[in-house]
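Engineer: My structure is in upload_14.cif, and what it holds is mmCIF, C-alpha atoms:
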data_work
loop_
_atom_site.label_atom_id
_atom_site.label_comp_id
_atom_site.auth_asym_id
_atom_site.auth_seq_id
_atom_site.Cartn_x
_atom_site.Cartn_y
_atom_site.Cartn_z
CA MET R 186 160.65 78.48 96.81
CA ASN R 187 161.70 74.84 96.44
CA TYR R 188 159.20 72.03 96.92
CA LYS R 189 160.35 68.45 97.37
CA TYR R 190 158.30 65.72 95.73
CA TYR R 191 158.32 61.93 95.60
CA VAL R 192 156.85 59.60 92.99
CA ALA R 193 155.77 56.20 94.28
CA ASP R 194 154.40 53.12 92.56
CA ILE R 195 151.33 51.98 94.53
CA PHE R 196 149.83 48.51 95.00
CA THR R 197 152.99 46.82 93.81
CA LYS R 198 156.30 45.50 95.14
CA GLU R 199 158.29 46.39 92.02
CA ILE R 200 158.98 49.66 90.22
CA PHE R 201 157.25 50.11 86.88
CA GLY R 202 154.20 48.34 88.33
CA GLY R 203 150.98 49.48 89.98
CA ALA R 204 149.74 53.06 89.82
CA GLN R 205 152.17 55.97 89.88
CA ILE R 206 151.34 58.83 92.27
CA ALA R 207 153.29 62.03 92.99
CA VAL R 208 153.33 63.33 96.56
CA PHE R 209 154.45 66.72 97.88
CA PRO R 210 154.92 66.11 101.64
CA ASN R 211 155.35 69.82 102.49
CA ALA R 212 153.09 71.86 100.20
CA GLU R 213 152.55 74.90 102.43
CA GLY R 214 152.26 78.10 100.42
CA LEU R 215 151.01 76.61 97.19
CA THR R 216 147.80 78.10 95.82
CA ASP R 217 144.96 76.08 94.32
CA ALA R 218 145.96 77.26 90.86
CA GLN R 219 149.58 76.25 91.39
CA MET R 220 148.61 72.80 92.64
CA GLN R 221 146.42 72.31 89.58
CA SER R 222 149.21 73.46 87.28
CA VAL R 223 151.71 71.11 88.93
CA ALA R 224 149.30 68.17 88.61
CA LYS R 225 148.79 69.00 84.95
CA GLU R 226 152.55 69.12 84.43
CA PHE R 227 153.10 65.74 86.11
CA ASN R 228 150.20 64.31 84.10
CA LEU R 229 149.70 61.37 86.46
CA SER R 230 146.31 60.05 87.51
CA GLU R 231 146.72 61.90 90.85
CA THR R 232 149.15 64.29 92.46
CA VAL R 233 148.91 64.73 96.23
CA PHE R 234 149.71 67.85 98.23
CA ILE R 235 150.21 67.51 101.99
CA THR R 236 150.26 70.32 104.54
CA ASN R 237 151.09 69.93 108.22
CA PRO R 238 149.18 71.37 111.19
CA GLU R 239 151.14 73.38 113.71
CA SER R 240 150.68 70.77 116.42
CA GLU R 241 153.09 67.85 116.68
CA THR R 242 150.65 65.15 115.62
CA ASN R 243 150.28 62.60 112.85
CA GLN R 244 147.39 64.50 111.28
CA ARG R 245 147.83 66.00 107.83
CA ARG R 246 145.75 67.98 105.36
CA MET R 247 145.52 66.26 101.95
CA ARG R 248 144.57 67.74 98.58
CA ILE R 249 144.31 65.50 95.51
CA PHE R 250 144.48 66.78 91.95
CA SER R 251 144.17 65.02 88.62
CA PRO R 252 145.60 66.80 85.56
CA THR R 253 142.21 68.50 85.07
CA GLU R 254 140.53 68.93 88.46
CA GLU R 255 140.64 68.49 92.21
CA LYS R 256 139.23 65.22 93.56
CA GLU R 257 137.18 64.85 96.70
CA PHE R 258 138.51 61.36 97.44
CA ALA R 259 140.68 58.64 95.92
CA GLY R 260 142.16 55.55 97.56
CA HIS R 261 145.50 55.35 95.76
CA PRO R 262 146.65 58.76 97.09
CA VAL R 263 145.99 57.67 100.69
CA ILE R 264 148.33 54.69 100.26
CA ALA R 265 150.88 56.85 98.42
CA ALA R 266 150.83 59.71 100.92
CA ALA R 267 151.17 57.47 103.97
CA TYR R 268 154.02 55.55 102.36
CA VAL R 269 155.88 58.70 101.31
CA LEU R 270 155.48 60.43 104.69
CA GLY R 271 156.91 57.37 106.41
CA HIS R 272 159.65 56.90 103.84
CA CYS R 273 160.97 60.46 103.99
CA GLY R 274 160.68 60.78 107.78
CA ASN R 275 157.89 63.36 107.78
CA VAL R 276 156.08 60.93 110.10
CA GLU R 277 158.27 58.83 112.38
CA LEU R 278 157.56 55.11 112.24
CA THR R 279 158.73 54.10 115.68
CA GLU R 280 156.02 51.49 116.25
CA ALA R 281 155.09 48.34 114.35
CA ILE R 282 151.91 50.13 113.20
CA THR R 283 151.62 53.93 113.04
CA PRO R 284 148.30 55.69 112.36
CA ILE R 285 148.16 58.82 110.17
CA LEU R 286 145.00 60.93 109.89
CA PHE R 287 144.40 62.58 106.52
CA GLN R 288 141.89 65.41 106.45
CA GLN R 289 140.46 65.53 102.95
CA ASN R 290 137.85 67.99 101.76
CA ASN R 291 134.81 66.25 103.23
CA GLU R 292 136.10 63.54 105.55
CA THR R 293 138.99 62.28 107.63
CA ILE R 294 140.68 59.01 106.61
CA GLU R 295 142.90 57.04 108.98
CA ALA R 296 145.75 55.14 107.37
CA ASN R 297 147.75 52.59 109.32
CA VAL R 298 151.38 52.17 108.27
CA THR R 299 153.09 48.88 109.06
CA ALA R 300 156.85 49.34 109.38
CA GLU R 301 160.02 47.34 109.80
CA ASP R 302 163.18 49.07 111.05
CA GLY R 303 161.41 52.41 110.71
CA LYS R 304 160.55 51.92 107.02
CA PRO R 305 157.02 51.47 105.64
CA ILE R 306 156.18 48.06 104.18
CA PHE R 307 152.37 48.10 104.07
CA VAL R 308 149.59 50.70 104.29
CA GLN R 309 145.91 50.11 104.99
CA PHE R 310 142.94 52.45 105.37
CA SER R 311 139.32 51.87 106.31
CA ARG R 312 136.17 53.40 104.87
CA GLN R 313 132.44 52.83 105.27
CA SER R 314 129.97 53.17 102.44
CA SER R 315 126.33 52.50 101.74
CA SER R 316 125.22 50.99 98.46
CA SER R 317 122.24 50.59 96.19
CA ILE R 318 121.92 47.41 94.13
CA ASP R 319 119.71 46.84 91.09
CA ARG R 320 119.37 43.41 89.49
CA PHE R 321 118.04 44.96 86.28
CA ALA R 322 120.80 44.69 83.69
CA PRO R 323 121.20 44.34 79.91
CA ASN R 324 120.70 40.81 78.62
CA ASP R 325 123.61 38.50 77.89
CA ASP R 326 123.60 39.16 74.14
CA GLU R 327 123.83 42.91 74.67
CA ILE R 328 126.58 42.59 77.28
CA ALA R 329 128.62 40.27 75.08
CA ARG R 330 128.33 42.63 72.11
CA PHE R 331 129.38 45.82 73.89
CA LEU R 332 132.28 43.99 75.56
CA SER R 333 133.32 42.23 72.33
CA ILE R 334 133.23 38.80 73.98
CA GLU R 335 131.16 35.62 73.52
CA VAL R 336 128.01 34.97 75.53
CA SER R 337 129.58 31.70 76.69
CA GLU R 338 132.29 33.70 78.48
CA LEU R 339 129.76 35.21 80.92
CA ASP R 340 129.53 33.56 84.33
CA HIS R 341 126.01 32.75 85.53
CA ASN R 342 126.95 29.77 87.66
CA LYS R 343 127.84 31.70 90.80
CA TYR R 344 127.41 35.36 89.93
CA SER R 345 125.26 37.52 87.66
CA PRO R 346 125.43 41.06 86.24
CA ARG R 347 124.15 43.68 88.66
CA LEU R 348 124.10 47.45 88.87
CA VAL R 349 125.82 48.68 92.04
CA SER R 350 126.39 52.21 93.26
CA CYS R 351 128.30 53.50 96.26
CA GLY R 352 127.99 57.05 95.01
CA PHE R 353 129.01 56.17 91.45
CA PRO R 354 127.10 53.50 89.48
CA TYR R 355 128.87 50.51 87.93
CA LEU R 356 127.47 47.67 85.87
CA ILE R 357 129.37 44.74 87.38
CA VAL R 358 129.78 41.84 84.96
CA PRO R 359 131.27 38.42 85.86
CA VAL R 360 133.10 36.21 83.36
CA TRP R 361 134.64 32.78 83.77
CA ASN R 362 138.23 33.44 82.82
CA TYR R 363 141.04 35.91 83.27
CA ASP R 364 141.61 35.99 79.50
CA SER R 365 138.08 37.28 78.94
CA VAL R 366 138.81 40.25 81.21
CA ARG R 367 142.09 41.02 79.50
CA HIS R 368 140.81 40.67 75.90
CA ALA R 369 137.48 42.50 76.25
CA LYS R 370 137.10 45.69 74.22
CA PHE R 371 134.38 48.24 74.77
CA ASN R 372 132.14 48.79 71.74
CA TYR R 373 130.45 52.16 71.98
CA SER R 374 127.91 51.64 69.20
CA GLU R 375 126.72 48.34 70.72
CA TRP R 376 126.53 50.01 74.13
CA SER R 377 124.38 52.79 72.66
CA ASP R 378 122.04 50.26 71.02
CA SER R 379 121.56 48.30 74.26
CA ILE R 380 119.42 49.17 77.29
CA ALA R 381 122.58 50.01 79.26
CA PRO R 382 122.32 53.80 78.73
CA GLN R 383 118.80 53.62 80.18
CA THR R 384 120.26 52.37 83.46
CA ALA R 385 122.32 54.59 85.71
CA ALA R 386 125.53 52.72 84.82
CA SER R 387 128.36 54.98 83.70
CA GLU R 388 131.12 52.36 83.61
CA ILE R 389 131.52 48.58 83.58
CA LEU R 390 133.45 46.66 86.20
CA LEU R 391 134.39 43.39 84.52
CA PHE R 392 135.83 40.64 86.73
CA ALA R 393 136.88 37.01 86.81
CA PRO R 394 136.95 34.94 90.02
CA LYS R 395 140.49 33.82 89.31
CA SER R 396 143.91 35.14 88.36
CA PRO R 397 147.04 33.40 87.07
CA PHE R 398 148.95 35.10 89.89
CA ASN R 399 149.06 33.40 93.29
CA ASP R 400 148.65 36.65 95.24
CA ALA R 401 145.17 37.51 93.86
CA ASP R 402 141.69 35.99 94.10
CA PHE R 403 139.94 38.17 91.49
CA ASN R 404 141.05 39.98 88.36
CA VAL R 405 139.13 43.16 87.53
CA ARG R 406 139.04 45.79 84.85
CA VAL R 407 137.08 48.99 84.25
CA LEU R 408 135.67 49.77 80.79
CA GLY R 409 133.19 52.32 79.51
CA PRO R 410 132.27 55.04 77.04
CA LYS R 411 134.76 57.54 78.52
CA ILE R 412 137.67 55.07 78.78
CA GLY R 413 140.01 54.40 75.88
CA ILE R 414 139.67 51.05 74.14
CA HIS R 415 143.11 49.90 75.30
CA ASP R 416 143.12 51.67 78.67
CA ASP R 417 143.27 49.77 81.95
CA PRO R 418 142.65 52.45 84.59
CA PRO R 419 143.16 52.06 88.36
CA VAL R 420 140.33 50.23 90.13
CA GLY R 421 140.65 51.46 93.72
CA THR R 422 137.53 53.64 93.58
CA THR R 423 135.47 50.67 92.34
CA MET R 424 136.24 48.44 95.33
CA PRO R 425 133.38 49.61 97.61
CA ALA R 426 130.92 48.79 94.82
CA PHE R 427 132.64 45.45 94.18
CA ALA R 428 132.50 44.57 97.89
CA ALA R 429 128.81 45.50 98.03
CA TYR R 430 128.24 43.36 94.93
CA LEU R 431 129.83 40.32 96.59
CA CYS R 432 127.74 40.88 99.72
CA SER R 433 124.54 41.03 97.65
CA PHE R 434 124.69 37.27 97.05
CA ASP R 435 123.15 34.97 99.65
CA PHE R 436 126.14 32.61 99.63
CA THR R 437 128.40 35.37 101.00
CA GLN R 438 128.28 34.58 104.70
CA GLN R 439 128.23 37.28 107.33
CA GLY R 440 131.58 38.01 108.90
CA THR R 441 134.95 39.33 107.77
CA HIS R 442 136.22 38.25 104.35
CA VAL R 443 139.84 38.71 103.30
CA PHE R 444 140.74 38.63 99.61
CA ALA R 445 142.97 40.24 97.01
CA VAL R 446 142.12 41.84 93.68
CA ASP R 447 144.52 42.49 90.83
CA ARG R 448 144.28 44.55 87.67
CA GLY R 449 146.51 44.59 84.63
CA ASP R 450 149.19 42.05 83.87
CA ALA R 451 152.97 41.76 83.97
CA GLU R 452 153.25 44.04 80.92
CA SER R 453 150.74 46.70 81.97
CA ARG R 454 151.56 47.96 85.48
CA ARG R 455 149.84 45.19 87.42
CA SER R 456 148.34 46.24 90.77
CA VAL R 457 147.35 44.11 93.77
CA LEU R 458 144.81 45.45 96.28
CA ASN R 459 144.44 43.60 99.59
CA LEU R 460 140.92 43.90 101.00
CA GLU R 461 139.13 43.09 104.23
CA MET R 462 135.34 43.26 104.00
CA ASP R 463 133.03 43.22 107.02
CA ASN R 464 129.72 41.75 105.89
CA ARG R 465 127.33 42.44 108.78
CA GLY R 466 124.12 42.49 106.78
CA LYS R 467 123.71 46.20 107.54
CA GLU R 468 123.32 49.28 105.40
CA LEU R 469 126.91 50.46 105.95
CA LEU R 470 129.67 48.21 104.68
CA THR R 471 133.17 48.55 106.12
CA LEU R 472 136.01 47.92 103.69
CA ARG R 473 139.70 48.04 104.57
CA THR R 474 141.99 48.55 101.59
CA GLY R 475 145.70 47.89 101.84
CA GLY R 476 148.74 47.57 99.68
CA THR R 477 152.47 47.85 99.27
CA ALA R 478 154.41 50.59 97.51
CA VAL R 479 157.89 51.30 96.23
CA MET R 480 159.67 54.60 95.69
CA PHE R 481 160.33 55.40 92.06
CA ALA R 482 161.74 58.93 92.02
CA GLU R 483 162.26 62.08 94.04
CA GLY R 484 163.14 65.62 93.15
CA LYS R 485 162.22 69.26 93.62
CA ILE R 486 160.53 72.05 91.75
CA THR R 487 160.95 75.81 92.17
CA LEU R 488 157.87 78.03 92.24
CA ASN R 489 157.29 81.67 93.04
CA THR R 490 154.79 81.92 95.89
#
Do you think you could lay out the structure here as structure tokens?
Structural biologist:
Amino acid sequence: MNYKYYVADIFTKEIFGGAQIAVFPNAEGLTDAQMQSVAKEFNLSETVFITNPESETNQRRMRIFSPTEEKEFAGHPVIAAAYVLGHCGNVELTEAITPILFQQNNETIEANVTAEDGKPIFVQFSRQSSSSIDRFAPNDDEIARFLSIEVSELDHNKYSPRLVSCGFPYLIVPVWNYDSVRHAKFNYSEWSDSIAPQTAASEILLFAPKSPFNDADFNVRVLGPKIGIHDDPPVGTTMPAFAAYLCSFDFTQQGTHVFAVDRGDAESRRSVLNLEMDNRGKELLTLRTGGTAVMFAEGKITLNT
């Protein structure tokens, strides 16, 4: 049986940028083992498999696989799937904004697709999360050593390092400049010798409150013991923790905050995530994540089912 697929570049307006996601808009009949094998063959960060309910609605079942395992949730695939379904006509975009409900393994996510002339131009989804925040962090000397930067590059004027978890713990570290984010290199031996392993932190979210690009307010990067020294992985799953981190400071006023975060640079698949954060001073924080996408490739595979 033939299965059509699309490969889209997410959180970018240009091909060869952002994060690349494969989407199968009609994956009925594929087994779990076949989906895992296909994802391994594509070898992208995520491959998405969509199945359609019998009713004529805009609700879809979504399965997300990395090359090694199925994922419970990831933000990039939501943007990719909504964009692809609108692009290929699987969901008709007859209104200025069309909602699509994605039933994942443990929750339902609503994505809103903004369209012009029936074509998708922007996708946004909303999610609530609760967080835990710990101000206990390694000292500046330790942080500078395991990030291979100077102590003077750390920002203590407005922000400070904090441990934040929205289900997965990050040590969030602020620096003054974009160049510090880009040039940092994780040093495993220095990490092991610091108090960091005694905290719950599994990865570091390094950020600067500025970017050389006019469409972003923050530049961020994820580093850690399981990430390659030159890797710059997608940051979508870190955004709830980053939003909770920003809300943990008294100067962040209650209300809705709109800002953009970028990762990478012009030579390394730069992504731009547009965020709307509702700071209500409550346990649950609502974060709306949006972005653009472009189609990179389409094709089909033949599998025996």
Engineer: Find the distance between atom CA of R:Asn187 and atom CA of R:Asn489 and write it in Å to one decimal.
Structural biologist: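 Computing the Euclidean distance for atom CA of R:Asn187 and atom CA of R:Asn489 yields 8.8 Å.
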Engineer: Within 6 Å of stretch 225-231 of chain R, counting only C-alpha atoms, which residues qualify if same-chain residues fewer than 3 places away don't, as number ranges by chain?
Structural biologist: R: 206, 222, 250-252
Engineer: Quick one: residues within 10 Å of R:Phe371, all atoms listed in the file counted, chain neighbours fewer than 4 positions away excluded, as a ChimeraX atom specification?
Structural biologist: /R:328-334,375-376,389,407-410,412-415
Engineer: Decode the PyMOL selection byres ((chain R and resi 259) around 10) for the given file into explicit residues and return them as a list in words.
Structural biologist: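 Applying the PyMOL selection byres ((chain R and resi 259) around 10) to the structure shown produces Glu231, Ile249, Phe250, Lys256, Glu257, Phe258, Gly260, His261, Pro262, Val263, Ile264, Gln289, Gly421 and Thr422 of chain R.
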Engineer: Counting only C-alpha atoms, which residues sit no farther than 8 Å from the position (127.6, 45.0, 89.0) in the file's frame? I'd like them as a list in words.
Structural biologist: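 Here the neighbourhood of the point contains Ser345, Pro346, Arg347, Leu348, Val349, Tyr355, Leu356, Ile357, Val358, Ile389, Leu390, Ala426, Phe427 and Tyr430 of chain R.
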Engineer: How would the residues just chosen look if you wrote them out with C-alpha atoms as an mmCIF file, in the coordinates of the input?
Structural biologist:
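Generated file (result_38.cif):
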data_model
loop_
_atom_site.group_PDB
_atom_site.id
_atom_site.type_symbol
_atom_site.label_atom_id
_atom_site.label_comp_id
_atom_site.auth_asym_id
_atom_site.auth_seq_id
_atom_site.Cartn_x
_atom_site.Cartn_y
_atom_site.Cartn_z
ATOM 1 C CA SER R 345 125.260 37.520 87.660
ATOM 2 C CA PRO R 346 125.430 41.060 86.240
ATOM 3 C CA ARG R 347 124.150 43.680 88.660
ATOM 4 C CA LEU R 348 124.100 47.450 88.870
ATOM 5 C CA VAL R 349 125.820 48.680 92.040
ATOM 6 C CA TYR R 355 128.870 50.510 87.930
ATOM 7 C CA LEU R 356 127.470 47.670 85.870
ATOM 8 C CA ILE R 357 129.370 44.740 87.380
ATOM 9 C CA VAL R 358 129.780 41.840 84.960
ATOM 10 C CA ILE R 389 131.520 48.580 83.580
ATOM 11 C CA LEU R 390 133.450 46.660 86.200
ATOM 12 C CA ALA R 426 130.920 48.790 94.820
ATOM 13 C CA PHE R 427 132.640 45.450 94.180
ATOM 14 C CA TYR R 430 128.240 43.360 94.930
#
Engineer: Distance table requested - stretch 421-466 of chain R against stretch 309-313 of chain R, cut-off 12 Å, only C-alpha atoms: one row per qualifying residue with the closest atom pair and its distance in Å to one decimal, ordered by chain and rising residue number, as a Markdown table.
Structural biologist:
| residue | atom | partner | partner_atom | distance |
| --- | --- | --- | --- | --- |
| R:Gly421 | CA | R:Phe310 | CA | 11.9 |
| R:Thr422 | CA | R:Arg312 | CA | 11.4 |
| R:Met424 | CA | R:Arg312 | CA | 10.8 |
| R:Pro425 | CA | R:Gln313 | CA | 8.4 |
| R:Ala426 | CA | R:Gln313 | CA | 11.3 |
| R:Ala428 | CA | R:Gln313 | CA | 11.1 |
| R:Ala429 | CA | R:Gln313 | CA | 10.9 |
| R:Leu458 | CA | R:Gln309 | CA | 9.9 |
| R:Asn459 | CA | R:Gln309 | CA | 8.6 |
| R:Leu460 | CA | R:Gln309 | CA | 8.9 |
| R:Glu461 | CA | R:Ser311 | CA | 9.0 |
| R:Met462 | CA | R:Ser311 | CA | 9.8 |
| R:Asp463 | CA | R:Gln313 | CA | 9.8 |
| R:Asn464 | CA | R:Gln313 | CA | 11.4 |
Engineer: (118.2, 41.7, 74.1) in this file's frame - what residues fall within 10 Å of it? Use only C-alpha atoms and give the answer as a list in words.
Structural biologist: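 The residues that fall inside the cut-off are Pro323, Asn324, Asp325, Asp326, Glu327, Ile328, Asp378, Ser379 and Ile380 of chain R.
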Engineer: Given the file shown, enumerate the residues that the PyMOL selection byres ((chain R and resi 401) around 8) captures and present them as a PyMOL selection string.
Structural biologist: chain R and resi 395-396+398-400+402-404+444-447+457
Engineer: Between atom CA of R:Ser433 and atom CA of R:Pro418, what is the distance, to one decimal in Å?
Structural biologist: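 Taking atom CA of R:Ser433 and atom CA of R:Pro418, their separation equals 25.1 Å.
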Engineer: Record the distance separating atom CA of R:Pro305 and atom CA of R:Met220, expressed in Å with one decimal.
Structural biologist: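 Distance reported for this atom pair: 26.4 Å.
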Engineer: If you count all atoms listed in the file, which residues fall within 12 Å of R:His272, apart from same-chain ones fewer than 6 positions away, as a compact mmCIF listing (two decimals) with C-alpha atoms, in the frame of the given file?
Structural biologist:
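Final file, selection_32.txt:
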# COMPACT_ATOMS: atom_id res chain seq x y z
CA TYR R 191 158.32 61.93 95.60
CA VAL R 192 156.85 59.60 92.99
CA ALA R 193 155.77 56.20 94.28
CA VAL R 208 153.33 63.33 96.56
CA PRO R 210 154.92 66.11 101.64
CA ALA R 265 150.88 56.85 98.42
CA ALA R 266 150.83 59.71 100.92
CA LEU R 278 157.56 55.11 112.24
CA VAL R 298 151.38 52.17 108.27
CA THR R 299 153.09 48.88 109.06
CA ALA R 300 156.85 49.34 109.38
CA GLU R 301 160.02 47.34 109.80
CA ASP R 302 163.18 49.07 111.05
CA GLY R 303 161.41 52.41 110.71
CA LYS R 304 160.55 51.92 107.02
CA PRO R 305 157.02 51.47 105.64
CA ILE R 306 156.18 48.06 104.18
CA PHE R 307 152.37 48.10 104.07
CA VAL R 308 149.59 50.70 104.29
CA ALA R 478 154.41 50.59 97.51
CA VAL R 479 157.89 51.30 96.23
CA MET R 480 159.67 54.60 95.69
CA PHE R 481 160.33 55.40 92.06
CA GLU R 483 162.26 62.08 94.04
Engineer: Can you translate the PyMOL selection byres ((chain R and resi 186) around 10) into the concrete residues it hits in this file, as a list in words?
Structural biologist: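 Applying the PyMOL selection byres ((chain R and resi 186) around 10) to the structure shown produces Asn187, Tyr188, Gly214, Leu215, Lys485, Ile486, Thr487, Leu488, Asn489 and Thr490 of chain R.
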Engineer: Have a look at R:Tyr268, R:Phe201, R:Phe434, R:Phe196 and name the one nearest to R:Asn297; count all atoms listed in the file.
Structural biologist: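 That would be R:Tyr268, the residue with the smallest distance to R:Asn297.
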Engineer: With a distance cut-off of 9 Å and all atoms listed in the file, select the neighbouring residues of R:Glu213, excluding the residue or stretch itself and same-chain residues fewer than 3 positions from it, and output the selection as a list in words.
Structural biologist: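 That gives Thr216, Phe234, Ile235, Thr236 and Asn237 of chain R.
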Engineer: Excluding R:Ser453 and its own-chain neighbours fewer than 3 positions away, which residues fall within 8 Å of it when counting all atoms listed in the file? Please give them as a list in words.
Structural biologist: Gly202, Gly449 and Asp450 of chain R
Engineer: Could you save the residues just selected, with C-alpha atoms, as a PDB file, in the frame of the given file?
Structural biologist:
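Heads up, here's the output in again.pdb:
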ATOM      1  CA  GLY R 202     154.200  48.340  88.330  1.00  0.00           C
ATOM      2  CA  GLY R 449     146.510  44.590  84.630  1.00  0.00           C
ATOM      3  CA  ASP R 450     149.190  42.050  83.870  1.00  0.00           C
TER       4      ASP R 450
END
Engineer: Could you check the closest approach to R:Ala267 for each of R:Asp364, R:Glu199, R:Glu295, R:Glu338 and tell me which residue wins, using all atoms listed in the file?
Structural biologist: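 Comparing R:Asp364, R:Glu199, R:Glu295, R:Glu338 against R:Ala267, the winner is R:Glu295.
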Engineer: Quick one: of R:His341, R:Arg473, R:Lys467, R:Arg245, who's nearest to R:Val276, counting only C-alpha atoms?
Structural biologist: R:Arg245
Engineer: Taking all atoms listed in the file into account, which of R:Arg448, R:Arg320, R:Lys411, R:Lys343 comes nearest R:Tyr363?
Structural biologist: R:Arg448
